[in-house]
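A.B. asks: What follows is a structure written as structure tokens; I'll ask about it next.
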Amino acid sequence: MSEPCLTVTQALQARRSTRAFLPTPVPRAVLEEVFALARHVPSNCNTQPWRAYVVSGAQKDELSRALVAEAGSGRPPDSDFEWDVKFVGEHRERQFGAAAALYGTTGVERHDRAARQRSLLRNWGFFDAPHAVFFTMQRYLGMVGAVDLGIFAQAVALLLAERGIACCFQGALGMYPGPARRMLELPEDVGILFGMSIGYADPEAPANRTCTERVDLDAAVRFVG
Ligand SMILES: Cc1cc2nc3c(=O)[nH]c(=O)nc-3n(C[C@H](O)[C@H](O)[C@H](O)COP(=O)(O)O)c2cc1C
């Protein structure tokens, strides 16, 4: 077992979404350990509906090229699952806050559409990460399966953080599922819910200095009784 360096509390306090990676691959044994441990999370009726695909090396590069071409083509997204909620109210404000934080650190001007598009397209280049993960499940599961996939993926993220490995959850990786579906030969009844880029954070990259805020405790939880 690789040497964990952080407690869960430390990992949660230290973590943030990483959007610039070094090219160094994560050893395969470490990735296998992380996904093996993540299997211990709970799931609805122990259904364990997730299947993650970790894509690396030349296949990751090929997939990234195909995805950037597709996402950059101007074609509308074609997600396997409903993933196009228009945030309203405080959610919209927080969405703007997160975007402003990223654009602020990376020097993207709010009205510079070309720069915003380049920034967005980095999603499908996996932010130069050496590994891209696609979290899939059978389509019929809908929201029930999505809860389980989220729990599984968060365990993966924390286990990575514990080992000093960074990641970024990416709904964007479910928006143009075609290239990954073909490469992974997914059956028709299976869909890509979201993805994640994994690797070692580039400590020099401005994007990785992006800081987001959290609501106060009483807005997140109410203790009753
Ligand atoms: C399910 C999910 C999907 C996300 N999709 C994307 C994405 O497509 N691209 C991206 O850059 N960040 C994505 N994020 C990262 C969020 O923007 C980020 O978690 C949020 O702004 C809080 O920042 P932090 O993770 O640095 O604390 C996603 C996060 C989650 C949990």
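In the structure tokens, each chain is lettered A, B, ... as it comes, each chain's residues begin at 1, and ligands are numbered from 1 in order of appearance.
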At a cut-off of 9 Å, using only C-alpha atoms, what residues contact segment 160-163 of chain A? Leave out same-chain residues fewer than 5 positions from it and give the result as an MDAnalysis selection string.

C.D. replies: chainID A and resid 2:8 10:12 14:15 30:31 34 155 198:199

A.B. asks: Taking a cut-off of 8 Å and counting only C-alpha atoms and all ligand atoms, can you build a table that, for each residue of chain A near ligand 1, reports the nearest atom pair and how far apart they are in Å (one decimal), sorted by chain then residue number, as a Markdown table?

C.D. replies:
```
| residue | atom | partner | partner_atom_place_in_ligand_line | distance |
| --- | --- | --- | --- | --- |
| A:Arg15 | CA | ligand 1 | 27 (O) | 6.8 |
| A:Arg16 | CA | ligand 1 | 26 (O) | 3.5 |
| A:Ser17 | CA | ligand 1 | 26 (O) | 3.8 |
| A:Thr18 | CA | ligand 1 | 26 (O) | 7.0 |
| A:Arg19 | CA | ligand 1 | 11 (O) | 6.6 |
| A:Gln95 | CA | ligand 1 | 21 (O) | 7.3 |
| A:Ala98 | CA | ligand 1 | 21 (O) | 4.8 |
| A:Ala99 | CA | ligand 1 | 21 (O) | 7.4 |
| A:Leu120 | CA | ligand 1 | 11 (O) | 7.5 |
| A:Asn123 | CA | ligand 1 | 9 (N) | 5.9 |
| A:Gly150 | CA | ligand 1 | 1 (C) | 7.3 |
| A:Cys168 | CA | ligand 1 | 15 (C) | 6.0 |
| A:Phe169 | CA | ligand 1 | 28 (C) | 4.5 |
| A:Gln170 | CA | ligand 1 | 5 (N) | 3.4 |
| A:Gly171 | CA | ligand 1 | 5 (N) | 3.8 |
| A:Ala172 | CA | ligand 1 | 8 (O) | 3.7 |
| A:Leu173 | CA | ligand 1 | 8 (O) | 6.5 |
| A:Phe194 | CA | ligand 1 | 1 (C) | 6.9 |
| A:Gly195 | CA | ligand 1 | 3 (C) | 7.9 |
| A:Thr210 | CA | ligand 1 | 26 (O) | 6.6 |
| A:Cys211 | CA | ligand 1 | 26 (O) | 6.0 |
| A:Thr212 | CA | ligand 1 | 23 (O) | 5.2 |
| A:Glu213 | CA | ligand 1 | 27 (O) | 7.6 |
```

A.B. asks: So, with only C-alpha atoms as the atoms that count, which of A:Arg214, A:Arg113, A:Arg182, A:Arg122 lies closest to Ala69 of chain A?

C.D. replies: A:Arg122

A.B. asks: DSSP on the backbone, strand (DSSP E) only: what residues of segment 9-225 of chain A does that give? Format it as an MDAnalysis selection string.

C.D. replies: chainID A and resid 51:56 131:138 166:170 190:199

A.B. asks: Output the selection as a tab-separated table (two decimals), in the first residue's frame - C-alpha atoms for each residue.

C.D. replies:
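Dumped everything to selection_16.tsv:
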```tsv
chain	number	residue	atom	x	y	z
A	51	ARG	CA	-17.78	1.38	-13.90
A	52	ALA	CA	-14.84	3.74	-14.25
A	53	TYR	CA	-12.54	3.79	-17.28
A	54	VAL	CA	-9.06	5.19	-16.70
A	55	VAL	CA	-7.52	6.28	-20.00
A	56	SER	CA	-3.78	7.02	-20.22
A	131	HIS	CA	-4.95	10.26	-16.90
A	132	ALA	CA	-8.61	10.82	-17.72
A	133	VAL	CA	-11.38	8.90	-15.98
A	134	PHE	CA	-14.89	8.34	-17.34
A	135	PHE	CA	-17.49	7.36	-14.76
A	136	THR	CA	-20.20	5.28	-16.39
A	137	MET	CA	-23.34	3.46	-15.31
A	138	GLN	CA	-26.37	1.89	-16.93
A	166	ALA	CA	-4.64	16.01	-7.74
A	167	CYS	CA	-7.81	15.78	-9.78
A	168	CYS	CA	-10.64	17.76	-11.30
A	169	PHE	CA	-14.21	16.49	-11.49
A	170	GLN	CA	-15.55	17.30	-14.93
A	190	VAL	CA	-24.47	2.37	-20.61
A	191	GLY	CA	-23.85	6.12	-20.35
A	192	ILE	CA	-21.01	8.43	-19.31
A	193	LEU	CA	-22.16	10.53	-16.36
A	194	PHE	CA	-19.05	12.67	-15.82
A	195	GLY	CA	-15.28	12.45	-15.87
A	196	MET	CA	-12.19	13.39	-13.95
A	197	SER	CA	-8.64	14.38	-14.87
A	198	ILE	CA	-5.97	12.93	-12.60
A	199	GLY	CA	-2.28	13.65	-12.08
```

A.B. asks: Mind giving me the straight-line distance from atom CA of Leu149 of chain A to atom CA of Phe35 of chain A in Å, one decimal?

C.D. replies: 12.6 Å

A.B. asks: For a test of reading the model, state the distance in Å between atom CA of Glu62 of chain A and atom CA of Pro179 of chain A, rounded to one decimal.

C.D. replies: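 Going from atom CA of Glu62 of chain A over to atom CA of Pro179 of chain A covers 9.4 Å.
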
A.B. asks: Name the residues in contact with Pro76 of chain A at a cut-off of 12 Å, using only C-alpha atoms, excluding same-chain residues fewer than 5 positions from it; report them as a ChimeraX atom specification.

C.D. replies: /A:70-71,84,175-177

A.B. asks: Could the residues in this selection be written to a file with N, CA and C atoms, as an mmCIF file, in the first residue's frame?

C.D. replies:
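Everything below was put into part.cif:
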```
data_model
loop_
_atom_site.group_PDB
_atom_site.id
_atom_site.type_symbol
_atom_site.label_atom_id
_atom_site.label_comp_id
_atom_site.auth_asym_id
_atom_site.auth_seq_id
_atom_site.Cartn_x
_atom_site.Cartn_y
_atom_site.Cartn_z
ATOM 1 N N GLU A 70 -14.417 17.905 -31.271
ATOM 2 C CA GLU A 70 -15.885 17.848 -31.169
ATOM 3 C C GLU A 70 -16.431 19.040 -30.373
ATOM 4 N N ALA A 71 -15.830 19.291 -29.204
ATOM 5 C CA ALA A 71 -16.319 20.392 -28.363
ATOM 6 C C ALA A 71 -16.083 21.741 -29.035
ATOM 7 N N ASP A 84 -28.104 19.497 -18.133
ATOM 8 C CA ASP A 84 -28.107 20.870 -18.640
ATOM 9 C C ASP A 84 -28.974 21.785 -17.776
ATOM 10 N N MET A 175 -20.296 15.733 -21.766
ATOM 11 C CA MET A 175 -21.081 16.553 -22.703
ATOM 12 C C MET A 175 -21.001 16.082 -24.149
ATOM 13 N N TYR A 176 -19.849 15.540 -24.526
ATOM 14 C CA TYR A 176 -19.667 15.024 -25.897
ATOM 15 C C TYR A 176 -19.204 13.567 -25.769
ATOM 16 N N PRO A 177 -20.129 12.669 -25.464
ATOM 17 C CA PRO A 177 -19.724 11.304 -25.112
ATOM 18 C C PRO A 177 -19.239 10.461 -26.292
#
```
